[in-house]
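Remarks on the structure that follows.
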Amino acid sequence: TVQERHSQADEIWATSHGFKKSTKSAWSVGGLEVSTGKVSSIEAMNGSTVLLPCTYQSCIGIKNLYFNWKYNDNGTLLKLCEAEIPMERVEPKVHIYHERVEFVGSSKTNNISILLWNITFEDEGDYICFARNPKEKNRNHSAVFTLRVVDQMKEVDNTLTVIIVSVVGGVIGLVIIIMVIKAVVLHFLRKGNEKTKECLVSSSGNDNTENGLSGAKADNKGTPKA
């Protein structure tokens with residue numbers, strides 16, 4: 001595939017320049033570290049503008065740090081831009097060799113990223129961010145960022161998400177209905193218990209009154225006349 005040819009060409013070039021591959025998207029020969037971030041590739045639409053990210057780190061600092069960006073055109077490396085950072089927090093004077101490339105980095109944030117404007121299908125491929133730090137005995141580090149150009153972005157299938165949300169929503173709705181029914185039932189049960197207690201109290205009062213009246217009548221009947 002085109003990607004495999006790009007990868008093989010990049011490996012041949014890096015090996016011929018004394019680099020060794022240390023990670024999936026980085027080539028290393030020393031302590032200086034260059035990174036294109038957690039994601040080493042991007043898919044962008046034809047005609048859009050993309051950011052090619054790159055940052056550097058050095059434990060002992062930098063002095064006259066040299067960096068450049070190159071495009072791997074089927075094994076031929078085309079230089080896009082280059083610059084030298086005299087020292088930390090001093091902005092570089094960047095030389096641009098491609099009309100649609102813009103440097104957007106800053107030495108204040110160890111950022112040497114570039115923008116590629118109005119991309120075309122011919123821009124698809126590997127972009128190499130390279131840095132060399134004389135303060136570390138000219139140790140080098142390089143990272144590869146892959147650009148894929150498409151006619152239109154792929155639509156994300158949200159069917160599973162919709163199903164999950166629907167199921168969760170249904171369960172929550174069912175729980176709410178059950179809680180409402182439970183509250184209504186408990187309310188009526190409490191009402192029924194209160195009525196039962198009132199009836200019992202009323203019945204008990206009537207019984208006591210009738211018993212009192214009967215006793216009084218009996219007393220009156222048993223009293224002898226003078």
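Here, A, B, ... name the chains of the structure tokens in the order displayed, residue numbers run from 1 inside each chain, and ligands are numbered from 1 in the same displayed order.
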
Leaving out Asn138 of chain A and any residue of its chain fewer than 3 positions from it, which residues lie within 9 Å of it when counting only C-alpha atoms, given as a ChimeraX atom specification?
/A:30,65,132-135

Write out the residues from the selection above, keeping N, CA and C atoms, as a short mmCIF file (atom, residue, chain, number, x, y, z; two decimals), in the first residue's frame.
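For reference, part11.cif as written:
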```cif
data_model
loop_
_atom_site.label_atom_id
_atom_site.label_comp_id
_atom_site.auth_asym_id
_atom_site.auth_seq_id
_atom_site.Cartn_x
_atom_site.Cartn_y
_atom_site.Cartn_z
N GLY A 30 18.88 10.09 21.00
CA GLY A 30 19.40 10.77 22.18
C GLY A 30 18.32 11.20 23.13
N LEU A 65 18.77 25.34 18.93
CA LEU A 65 18.02 24.16 18.50
C LEU A 65 17.58 24.31 17.05
N ARG A 132 17.30 19.06 16.25
CA ARG A 132 18.66 18.72 16.67
C ARG A 132 19.11 19.76 17.70
N ASN A 133 19.64 19.29 18.82
CA ASN A 133 20.03 20.18 19.91
C ASN A 133 21.55 20.13 20.14
N PRO A 134 22.31 21.15 19.72
CA PRO A 134 23.76 21.17 19.93
C PRO A 134 24.15 21.07 21.41
N LYS A 135 23.26 21.52 22.29
CA LYS A 135 23.57 21.46 23.71
C LYS A 135 23.65 20.03 24.21
#
```

Residues near segment 85-92 of chain A, anyone? I mean within 10 Å using only C-alpha atoms, not counting same-chain ones fewer than 4 positions away, as a ChimeraX atom specification.
/A:61-67,105-110,112,133

Please give the complete set of residues from segment 138-199 of chain A that DSSP, run on the backbone, assigns to strand (DSSP E or B), formatted as a ChimeraX atom specification.
/A:139-150

Which residues come within 9 Å of Gln152 of chain A, counting only C-alpha atoms, excluding same-chain residues fewer than 5 positions away, as a PDB file with all heavy atoms, in the first residue's frame?
```pdb
ATOM      1  N   ALA A  44      -8.510  14.366   6.910  1.00  0.00           N
ATOM      2  CA  ALA A  44      -9.082  15.686   6.674  1.00  0.00           C
ATOM      3  C   ALA A  44      -9.677  15.761   5.275  1.00  0.00           C
ATOM      4  O   ALA A  44      -9.281  15.029   4.370  1.00  0.00           O
ATOM      5  CB  ALA A  44      -8.021  16.759   6.852  1.00  0.00           C
ATOM      6  N   MET A  45     -10.629  16.688   5.103  1.00  0.00           N
ATOM      7  CA  MET A  45     -11.315  16.845   3.821  1.00  0.00           C
ATOM      8  C   MET A  45     -10.466  17.629   2.832  1.00  0.00           C
ATOM      9  O   MET A  45      -9.719  18.539   3.212  1.00  0.00           O
ATOM     10  CB  MET A  45     -12.657  17.549   4.020  1.00  0.00           C
ATOM     11  CG  MET A  45     -13.722  16.687   4.642  1.00  0.00           C
ATOM     12  SD  MET A  45     -15.321  17.530   4.714  1.00  0.00           S
ATOM     13  CE  MET A  45     -15.628  17.825   2.977  1.00  0.00           C
ATOM     14  N   ASN A  46     -10.600  17.275   1.603  1.00  0.00           N
ATOM     15  CA  ASN A  46      -9.931  17.984   0.524  1.00  0.00           C
ATOM     16  C   ASN A  46     -10.351  19.455   0.531  1.00  0.00           C
ATOM     17  O   ASN A  46     -11.532  19.785   0.592  1.00  0.00           O
ATOM     18  CB  ASN A  46     -10.314  17.336  -0.814  1.00  0.00           C
ATOM     19  CG  ASN A  46      -9.640  17.997  -1.993  1.00  0.00           C
ATOM     20  OD1 ASN A  46      -8.505  18.454  -1.894  1.00  0.00           O
ATOM     21  ND2 ASN A  46     -10.333  18.042  -3.130  1.00  0.00           N
TER      22      ASN A  46
END
```

List every residue of segment 49-200 of chain A that DSSP, applied to the backbone of this structure, places in helix (DSSP H, G or I), and write the result as a PyMOL selection string.
chain A and resi 107-109+121-123+134-136+159-200

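With only C-alpha atoms as the atoms that count, the residue of A:Asn111, A:Asn158, A:Thr120, A:Ser166 with the shortest distance to Tyr56 of chain A is A:Asn111.
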
One decimal place gives the atom CA of Gly75 of chain A-atom CA of Lys93 of chain A separation as 28.1 Å

Would you mind listing what lies within 10 Å of Cys54 of chain A as a PyMOL selection string, with only C-alpha atoms counted and same-chain residues fewer than 2 positions away left out?
chain A and resi 34-37+51-52+56+69+105+110-114+128-130+142-145

Compare A:Asn68, A:His141, A:Gly125, A:His98 by their minimum atom-to-atom distance to Gly31 of chain A, counting only C-alpha atoms, and give me the closest one.
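The shortest atom-to-atom distance to Gly31 of chain A comes from A:His141.
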
Check the smallest atom-to-atom distance from each of A:Val150, A:Leu32, A:Ala83, A:Val104 to Ser48 of chain A using only C-alpha atoms, then report the winner.
A:Val150
